[in-house]
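Peer 1: Take this structure first; my questions come after.
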Amino acid sequence: MAILVTGGAGYIGSHTVMALQERGEEIVVLDNLQQGHKQAVVAGKLYEGDLRDAAVLDRVFSENKIDAIIHFAANSLVGESMKIPGKYYHNNVYGTLCLLEKMNEYGVKKIVFSSTAATYGEPENVPIDEYDRTLPTNAYGDTKLAMEKMIGWFDTAHDIKSISLRYFNAAGAHASGKIGEDHRPETHLVPIVLEAALGKRPHVSVFGTDYPTEDGTCIRDYIHVSDLADAHILAVDALLGGAASAVYNLGNGQGFSVKEVIETARRVTGKEIPVVYEERRAGDPAVLVASSARARQELGWNPSRNKMEDIIASAWQWHQSRPNGYDN
């Protein structure tokens, strides 16, 4: 019996594959390598192909006995989703539909979906609870919410049980240093800060210093990528154990401001890290932090790498050893 990881060559997907390998699971990876990296797949059988290609899915399902699926494959750049939403609806929503139809055809009834806290939009409460309103403010978040709803209807019609995991910012790298974060282009704060520490960027841009927070910069929820991988595996275990479909938030339990992230990176790296302060970006909320109380209680998830120093130190190890990412 195998676990299929779609998007398993990507950042969080590859760390989940590594975690599955560490506990001896049989792994199948499907990735079109549009954003992922073949070098990041350290275990399992890799199929290079797209979810929207029926022939590829037939090969995956006919050649392997798939027990459950962890579904990461998606486009995920918020800004790009607002410029070319069609790309996001076709890849994310239609791609998931193709996957669900093949799951039903081949009798695979368990799926863990890597969703996003962007499904909530502007938060009504902080920290955000699973029962809060979902009203995405960008096309990316809207596609993820549509995917969640579609998966839910496949449960109603075909008894496909699912757990959707909503979270904000993954950061850090695997303790082995074998895999890490390498996006093209890079839009995440922690790797951007570390690229500046390496001299690959002239500075870090900080957008807005007049937010109603302690230091005036935005506060965000950061989770170590290996803790996220653990949560996805716990969700698989829950489904295989007979759990009902559910949605869980994943959060660190505290937020970190942009300035805090930069100051922590300066301490960890010993580098100056130049900063340029710029105007606010439209649509950036002051504070985004998710409550993970339900995931901790029901899934037994206990993130153990929740100090910003530890998150940045693991990322710094990766970026120092691979300053050009997987191109090294």
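How things are named: the first chain in the structure tokens is A, the next is B, and so on; residues count from 1 in each chain; ligands count from 1 in the order shown.
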Pick out the residues sitting within 9 Å of Gly283 (chain A), and hand them over as a list in words; count only C-alpha atoms, and ignore anything fewer than 2 positions along from it in its own chain.
Peer 2: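 Result of the neighbour search: Glu122, Thr137, Arg280, Arg281 and Pro285 of chain A.
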Peer 1: I need the residues from that last selection saved to file as a PDB file, in the first residue's frame (with C-alpha atoms), if you can.
Peer 2:
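File written: again-v3.pdb
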ATOM      1  CA  GLU A 122      -9.641  39.577   6.023  1.00  0.00           C
ATOM      2  CA  THR A 137      -9.635  38.373  -1.118  1.00  0.00           C
ATOM      3  CA  ARG A 280       2.064  49.556   2.510  1.00  0.00           C
ATOM      4  CA  ARG A 281       0.920  47.062  -0.083  1.00  0.00           C
ATOM      5  CA  PRO A 285      -3.863  42.848   6.945  1.00  0.00           C
TER       6      PRO A 285
END
Peer 1: Per residue of region 104-165 of chain A within 8 Å of region 61-85 of chain A, record the nearest atom pair and its distance in Å to one decimal, counting only C-alpha atoms, with rows in chain order and ascending residue number, as JSON lines.
Peer 2:
{"residue": "A:Tyr106", "atom": "CA", "partner": "A:Phe61", "partner_atom": "CA", "distance": 6.9}
{"residue": "A:Val108", "atom": "CA", "partner": "A:Asp67", "partner_atom": "CA", "distance": 6.5}
{"residue": "A:Lys109", "atom": "CA", "partner": "A:Ala68", "partner_atom": "CA", "distance": 7.1}
{"residue": "A:Lys110", "atom": "CA", "partner": "A:Ala68", "partner_atom": "CA", "distance": 4.9}
{"residue": "A:Ile111", "atom": "CA", "partner": "A:Ile69", "partner_atom": "CA", "distance": 4.7}
{"residue": "A:Val112", "atom": "CA", "partner": "A:Ile70", "partner_atom": "CA", "distance": 4.7}
{"residue": "A:Phe113", "atom": "CA", "partner": "A:His71", "partner_atom": "CA", "distance": 5.0}
{"residue": "A:Ser114", "atom": "CA", "partner": "A:Phe72", "partner_atom": "CA", "distance": 5.3}
{"residue": "A:Asn138", "atom": "CA", "partner": "A:Met82", "partner_atom": "CA", "distance": 6.3}
{"residue": "A:Ala139", "atom": "CA", "partner": "A:Ser81", "partner_atom": "CA", "distance": 5.3}
{"residue": "A:Tyr140", "atom": "CA", "partner": "A:Ser81", "partner_atom": "CA", "distance": 5.4}
{"residue": "A:Gly141", "atom": "CA", "partner": "A:Val78", "partner_atom": "CA", "distance": 7.8}
Peer 1: Compare A:Glu298, A:Asp327, A:Glu272, A:Asp155 by their minimum atom-to-atom distance to Ala238 (chain A), counting only C-alpha atoms, and give me the closest one.
Peer 2: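 Using only C-alpha atoms, Ala238 (chain A) sits closest to A:Glu298.
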Peer 1: Which residues are close to Trp153 (chain A), i.e. within 12 Å by only C-alpha atoms, leaving aside same-chain residues fewer than 5 positions away? Reply as a PyMOL selection string.
Peer 2: chain A and resi 97+100-101+146-148+158-162+245
Peer 1: Considering only C-alpha atoms, state which residue in the set A:Arg201, A:Lys144, A:Arg133, A:Arg266 is at the smallest distance from Tyr167 (chain A).
Peer 2: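 Answer, going by the shortest atom-to-atom distance: A:Lys144.
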Peer 1: Excluding Ile192 (chain A) and any residue of its chain fewer than 4 positions from it, enumerate the residues within 8 Å of it, using only C-alpha atoms, and give them as a list in words.
Peer 2: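 Near neighbours after the sequence-gap exclusion: Glu186, Thr187, His188, Ala196, Arg201 and Val204 of chain A.
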Peer 1: Write the residues of the preceding selection, restricted to N, CA and C atoms, as a CSV table (one decimal), in the first residue's frame.
Peer 2:
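Saved as selection_28.csv:
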chain,number,residue,atom,x,y,z
A,186,GLU,N,11.1,33.9,-5.8
A,186,GLU,CA,11.0,33.8,-4.4
A,186,GLU,C,10.1,35.0,-3.9
A,187,THR,N,9.1,34.7,-3.1
A,187,THR,CA,8.2,35.7,-2.6
A,187,THR,C,8.0,35.6,-1.1
A,188,HIS,N,8.6,34.6,-0.4
A,188,HIS,CA,8.5,34.4,1.0
A,188,HIS,C,9.5,35.2,1.8
A,196,ALA,N,19.3,38.2,1.1
A,196,ALA,CA,20.0,39.5,1.4
A,196,ALA,C,21.2,39.3,2.2
A,201,ARG,N,20.6,39.7,-2.8
A,201,ARG,CA,19.7,40.8,-2.9
A,201,ARG,C,20.4,42.0,-2.3
A,204,VAL,N,16.2,44.1,1.8
A,204,VAL,CA,14.9,43.5,2.1
A,204,VAL,C,13.9,44.7,2.1
Peer 1: Would you write out, as JSON lines, a table of all residues in region 205-321 of chain A that have an atom no more than 12 Å from an atom of region 176-184 of chain A, listing for each the closest atom pair and the distance in Å to one decimal, considering only C-alpha atoms and ordering rows by chain and rising residue number?
Peer 2:
{"residue": "A:His224", "atom": "CA", "partner": "A:Gly180", "partner_atom": "CA", "distance": 11.1}
{"residue": "A:Val225", "atom": "CA", "partner": "A:Gly180", "partner_atom": "CA", "distance": 9.0}
{"residue": "A:Ser226", "atom": "CA", "partner": "A:Gly180", "partner_atom": "CA", "distance": 10.3}
{"residue": "A:Ile311", "atom": "CA", "partner": "A:Gly180", "partner_atom": "CA", "distance": 11.6}
{"residue": "A:Ile312", "atom": "CA", "partner": "A:Gly180", "partner_atom": "CA", "distance": 11.6}
{"residue": "A:Ala313", "atom": "CA", "partner": "A:Gly177", "partner_atom": "CA", "distance": 11.0}
{"residue": "A:Ser314", "atom": "CA", "partner": "A:Gly177", "partner_atom": "CA", "distance": 7.8}
{"residue": "A:Ala315", "atom": "CA", "partner": "A:Gly180", "partner_atom": "CA", "distance": 7.0}
{"residue": "A:Trp316", "atom": "CA", "partner": "A:Gly177", "partner_atom": "CA", "distance": 9.7}
{"residue": "A:Gln317", "atom": "CA", "partner": "A:Gly177", "partner_atom": "CA", "distance": 6.6}
{"residue": "A:Trp318", "atom": "CA", "partner": "A:Gly177", "partner_atom": "CA", "distance": 5.5}
{"residue": "A:His319", "atom": "CA", "partner": "A:Gly180", "partner_atom": "CA", "distance": 7.9}
{"residue": "A:Gln320", "atom": "CA", "partner": "A:Gly177", "partner_atom": "CA", "distance": 9.9}
{"residue": "A:Ser321", "atom": "CA", "partner": "A:Gly177", "partner_atom": "CA", "distance": 8.0}
Peer 1: Those residues you just picked out, can you put them in a file as a short mmCIF file (atom, residue, chain, number, x, y, z; two decimals), in the first residue's frame with N, CA and C atoms?
Peer 2:
data_model
loop_
_atom_site.label_atom_id
_atom_site.label_comp_id
_atom_site.auth_asym_id
_atom_site.auth_seq_id
_atom_site.Cartn_x
_atom_site.Cartn_y
_atom_site.Cartn_z
N HIS A 224 7.46 25.82 11.05
CA HIS A 224 8.56 25.07 10.45
C HIS A 224 8.00 24.03 9.48
N VAL A 225 8.61 23.93 8.33
CA VAL A 225 8.10 23.06 7.26
C VAL A 225 8.03 21.60 7.71
N SER A 226 8.93 21.17 8.57
CA SER A 226 8.89 19.79 9.05
C SER A 226 7.72 19.56 9.99
N ILE A 311 13.73 28.12 13.32
CA ILE A 311 13.24 28.10 11.95
C ILE A 311 14.27 28.73 11.01
N ILE A 312 14.77 29.91 11.40
CA ILE A 312 15.73 30.61 10.53
C ILE A 312 17.07 29.89 10.49
N ALA A 313 17.50 29.32 11.60
CA ALA A 313 18.78 28.62 11.61
C ALA A 313 18.76 27.44 10.65
N SER A 314 17.66 26.70 10.60
CA SER A 314 17.59 25.56 9.68
C SER A 314 17.56 26.04 8.23
N ALA A 315 16.86 27.15 7.98
CA ALA A 315 16.84 27.70 6.62
C ALA A 315 18.21 28.23 6.22
N TRP A 316 18.90 28.85 7.17
CA TRP A 316 20.23 29.42 6.90
C TRP A 316 21.23 28.31 6.55
N GLN A 317 21.13 27.18 7.21
CA GLN A 317 21.99 26.03 6.88
C GLN A 317 21.81 25.64 5.42
N TRP A 318 20.54 25.57 5.00
CA TRP A 318 20.25 25.20 3.62
C TRP A 318 20.78 26.24 2.65
N HIS A 319 20.47 27.52 2.88
CA HIS A 319 20.85 28.57 1.94
C HIS A 319 22.37 28.75 1.86
N GLN A 320 23.07 28.54 2.95
CA GLN A 320 24.54 28.62 2.91
C GLN A 320 25.13 27.49 2.08
N SER A 321 24.57 26.29 2.24
CA SER A 321 25.12 25.14 1.52
C SER A 321 24.69 25.13 0.07
#
Peer 1: Could you pull out the residues in region 119-236 of chain A that DSSP calls helix (DSSP H, G or I) from the backbone, as a PyMOL selection string?
Peer 2: chain A and resi 119+139-158+189-197+225-236
Peer 1: Take the residues just selected and output them with C-alpha atoms as an mmCIF file, in the first residue's frame.
Peer 2:
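Wrote it out as part.cif, contents follow:
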data_model
loop_
_atom_site.group_PDB
_atom_site.id
_atom_site.type_symbol
_atom_site.label_atom_id
_atom_site.label_comp_id
_atom_site.auth_asym_id
_atom_site.auth_seq_id
_atom_site.Cartn_x
_atom_site.Cartn_y
_atom_site.Cartn_z
ATOM 1 C CA THR A 119 -9.465 31.007 2.407
ATOM 2 C CA ALA A 139 -8.008 34.326 -6.701
ATOM 3 C CA TYR A 140 -5.493 31.918 -5.153
ATOM 4 C CA GLY A 141 -7.432 31.717 -1.886
ATOM 5 C CA ASP A 142 -10.695 31.409 -3.789
ATOM 6 C CA THR A 143 -9.417 28.440 -5.795
ATOM 7 C CA LYS A 144 -8.337 26.685 -2.604
ATOM 8 C CA LEU A 145 -11.757 27.257 -1.049
ATOM 9 C CA ALA A 146 -13.404 25.934 -4.218
ATOM 10 C CA MET A 147 -11.168 22.862 -4.019
ATOM 11 C CA GLU A 148 -12.192 22.274 -0.406
ATOM 12 C CA LYS A 149 -15.880 22.514 -1.321
ATOM 13 C CA MET A 150 -15.498 20.211 -4.311
ATOM 14 C CA ILE A 151 -13.700 17.609 -2.209
ATOM 15 C CA GLY A 152 -16.573 17.854 0.269
ATOM 16 C CA TRP A 153 -19.173 17.115 -2.415
ATOM 17 C CA PHE A 154 -17.162 14.054 -3.499
ATOM 18 C CA ASP A 155 -17.476 12.870 0.094
ATOM 19 C CA THR A 156 -21.256 13.335 -0.068
ATOM 20 C CA ALA A 157 -21.578 11.570 -3.416
ATOM 21 C CA HIS A 158 -18.749 9.016 -3.347
ATOM 22 C CA LEU A 189 9.972 36.621 3.672
ATOM 23 C CA VAL A 190 12.415 34.228 5.363
ATOM 24 C CA PRO A 191 14.274 33.135 2.197
ATOM 25 C CA ILE A 192 14.224 36.719 0.905
ATOM 26 C CA VAL A 193 15.883 37.895 4.123
ATOM 27 C CA LEU A 194 18.487 35.128 3.889
ATOM 28 C CA GLU A 195 19.188 35.911 0.239
ATOM 29 C CA ALA A 196 19.963 39.465 1.378
ATOM 30 C CA ALA A 197 22.255 38.045 4.061
ATOM 31 C CA VAL A 225 8.099 23.059 7.265
ATOM 32 C CA SER A 226 8.891 19.794 9.050
ATOM 33 C CA ASP A 227 6.122 20.470 11.576
ATOM 34 C CA LEU A 228 3.772 20.981 8.624
ATOM 35 C CA ALA A 229 4.905 17.686 7.120
ATOM 36 C CA ASP A 230 4.145 15.967 10.433
ATOM 37 C CA ALA A 231 0.622 17.443 10.429
ATOM 38 C CA HIS A 232 -0.115 16.068 6.954
ATOM 39 C CA ILE A 233 1.018 12.597 8.000
ATOM 40 C CA LEU A 234 -1.073 12.725 11.185
ATOM 41 C CA ALA A 235 -4.040 13.638 8.991
ATOM 42 C CA VAL A 236 -3.405 10.572 6.799
#
Peer 1: Would you mind reading off the distance between CA of Asn249 (chain A) and CA of Gly13 (chain A), one decimal, in Å?
Peer 2: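 Computing the Euclidean distance for CA of Asn249 (chain A) and CA of Gly13 (chain A) yields 17.8 Å.
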Peer 1: In Å, with one decimal, what is the gap from CA of Leu288 (chain A) to CA of Ala117 (chain A)?
Peer 2: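 For CA of Leu288 (chain A) relative to CA of Ala117 (chain A), the distance reads 8.8 Å.
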Peer 1: Using the chain letters and numbers from this document, which residues of region 106-243 of chain A does DSSP assign to strand (DSSP E), as a JSON list (two decimals) with N, CA, C and O atoms, in the first residue's frame?
Peer 2:
[["chain", "number", "residue", "atom", "x", "y", "z"],
["A", 110, "LYS", "N", -9.34, 8.23, 0.48],
["A", 110, "LYS", "CA", -8.76, 9.09, 1.52],
["A", 110, "LYS", "C", -7.86, 10.14, 0.88],
["A", 110, "LYS", "O", -6.95, 9.80, 0.12],
["A", 111, "ILE", "N", -8.09, 11.42, 1.24],
["A", 111, "ILE", "CA", -7.23, 12.49, 0.70],
["A", 111, "ILE", "C", -7.01, 13.56, 1.76],
["A", 111, "ILE", "O", -7.96, 14.02, 2.41],
["A", 112, "VAL", "N", -5.76, 13.93, 1.94],
["A", 112, "VAL", "CA", -5.39, 15.08, 2.78],
["A", 112, "VAL", "C", -5.07, 16.22, 1.83],
["A", 112, "VAL", "O", -4.22, 16.08, 0.94],
["A", 113, "PHE", "N", -5.74, 17.34, 2.01],
["A", 113, "PHE", "CA", -5.61, 18.47, 1.11],
["A", 113, "PHE", "C", -4.84, 19.60, 1.77],
["A", 113, "PHE", "O", -5.21, 20.08, 2.84],
["A", 114, "SER", "N", -3.76, 20.01, 1.12],
["A", 114, "SER", "CA", -2.97, 21.16, 1.57],
["A", 114, "SER", "C", -3.68, 22.44, 1.14],
["A", 114, "SER", "O", -3.53, 22.90, 0.02],
["A", 161, "LYS", "N", -13.31, 10.48, 1.90],
["A", 161, "LYS", "CA", -13.07, 11.22, 3.14],
["A", 161, "LYS", "C", -11.83, 12.10, 3.00],
["A", 161, "LYS", "O", -10.83, 11.71, 2.38],
["A", 162, "SER", "N", -11.89, 13.29, 3.59],
["A", 162, "SER", "CA", -10.81, 14.26, 3.40],
["A", 162, "SER", "C", -10.53, 15.02, 4.69],
["A", 162, "SER", "O", -11.42, 15.20, 5.54],
["A", 163, "ILE", "N", -9.29, 15.45, 4.81],
["A", 163, "ILE", "CA", -8.91, 16.44, 5.83],
["A", 163, "ILE", "C", -8.20, 17.56, 5.10],
["A", 163, "ILE", "O", -7.21, 17.34, 4.39],
["A", 164, "SER", "N", -8.73, 18.77, 5.24],
["A", 164, "SER", "CA", -8.11, 19.96, 4.65],
["A", 164, "SER", "C", -7.35, 20.72, 5.73],
["A", 164, "SER", "O", -7.90, 20.95, 6.82],
["A", 165, "LEU", "N", -6.12, 21.09, 5.43],
["A", 165, "LEU", "CA", -5.27, 21.77, 6.39],
["A", 165, "LEU", "C", -5.01, 23.20, 5.92],
["A", 165, "LEU", "O", -4.45, 23.41, 4.84],
["A", 166, "ARG", "N", -5.43, 24.17, 6.72],
["A", 166, "ARG", "CA", -5.28, 25.58, 6.38],
["A", 166, "ARG", "C", -4.15, 26.19, 7.20],
["A", 166, "ARG", "O", -4.18, 26.15, 8.44],
["A", 167, "TYR", "N", -3.17, 26.78, 6.53],
["A", 167, "TYR", "CA", -2.04, 27.40, 7.24],
["A", 167, "TYR", "C", -1.50, 28.55, 6.42],
["A", 167, "TYR", "O", -1.83, 28.71, 5.24],
["A", 169, "ASN", "N", 2.33, 30.59, 6.63],
["A", 169, "ASN", "CA", 3.70, 30.65, 6.12],
["A", 169, "ASN", "C", 4.56, 29.48, 6.59],
["A", 169, "ASN", "O", 4.87, 29.37, 7.78],
["A", 170, "ALA", "N", 4.94, 28.64, 5.65],
["A", 170, "ALA", "CA", 5.93, 27.61, 5.93],
["A", 170, "ALA", "C", 7.32, 28.22, 5.82],
["A", 170, "ALA", "O", 7.57, 29.09, 4.99],
["A", 171, "ALA", "N", 8.24, 27.77, 6.67],
["A", 171, "ALA", "CA", 9.61, 28.28, 6.63],
["A", 171, "ALA", "C", 10.55, 27.22, 7.18],
["A", 171, "ALA", "O", 10.12, 26.22, 7.76],
["A", 204, "VAL", "N", 16.24, 44.08, 1.85],
["A", 204, "VAL", "CA", 14.91, 43.54, 2.08],
["A", 204, "VAL", "C", 13.93, 44.70, 2.11],
["A", 204, "VAL", "O", 14.16, 45.70, 2.82],
["A", 205, "SER", "N", 12.86, 44.62, 1.34],
["A", 205, "SER", "CA", 11.83, 45.66, 1.36],
["A", 205, "SER", "C", 10.82, 45.33, 2.45],
["A", 205, "SER", "O", 10.32, 44.21, 2.54],
["A", 206, "VAL", "N", 10.55, 46.33, 3.29],
["A", 206, "VAL", "CA", 9.53, 46.21, 4.33],
["A", 206, "VAL", "C", 8.37, 47.13, 3.94],
["A", 206, "VAL", "O", 8.54, 48.35, 3.85],
["A", 207, "PHE", "N", 7.21, 46.53, 3.72],
["A", 207, "PHE", "CA", 6.08, 47.29, 3.20],
["A", 207, "PHE", "C", 5.17, 47.73, 4.34],
["A", 207, "PHE", "O", 4.30, 46.99, 4.79],
["A", 219, "ILE", "N", 2.28, 41.33, 11.27],
["A", 219, "ILE", "CA", 2.54, 40.11, 12.04],
["A", 219, "ILE", "C", 1.96, 38.93, 11.29],
["A", 219, "ILE", "O", 0.81, 38.96, 10.85],
["A", 220, "ARG", "N", 2.76, 37.88, 11.17],
["A", 220, "ARG", "CA", 2.34, 36.69, 10.45],
["A", 220, "ARG", "C", 2.68, 35.43, 11.25],
["A", 220, "ARG", "O", 3.55, 35.43, 12.12],
["A", 222, "TYR", "N", 4.28, 31.81, 11.32],
["A", 222, "TYR", "CA", 5.30, 31.01, 10.64],
["A", 222, "TYR", "C", 5.39, 29.64, 11.29],
["A", 222, "TYR", "O", 5.45, 29.53, 12.51],
["A", 223, "ILE", "N", 5.40, 28.60, 10.46],
["A", 223, "ILE", "CA", 5.50, 27.23, 10.95],
["A", 223, "ILE", "C", 6.68, 26.55, 10.27],
["A", 223, "ILE", "O", 6.87, 26.69, 9.05],
["A", 224, "HIS", "N", 7.46, 25.82, 11.05],
["A", 224, "HIS", "CA", 8.56, 25.07, 10.45],
["A", 224, "HIS", "C", 8.00, 24.03, 9.48],
["A", 224, "HIS", "O", 7.04, 23.34, 9.79]]
Peer 1: Could you tell me which of A:Gln35, A:Thr209, A:Asn306, A:Asn91 comes closest to Phe256 (chain A) if we count only C-alpha atoms?
Peer 2: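 Nearest candidate to Phe256 (chain A) out of A:Gln35, A:Thr209, A:Asn306, A:Asn91: A:Asn306.
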Peer 1: Mind giving me the straight-line distance from CA of Glu22 (chain A) to CA of Gly242 (chain A) in Å, one decimal?
Peer 2: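 The value is 23.6 Å.
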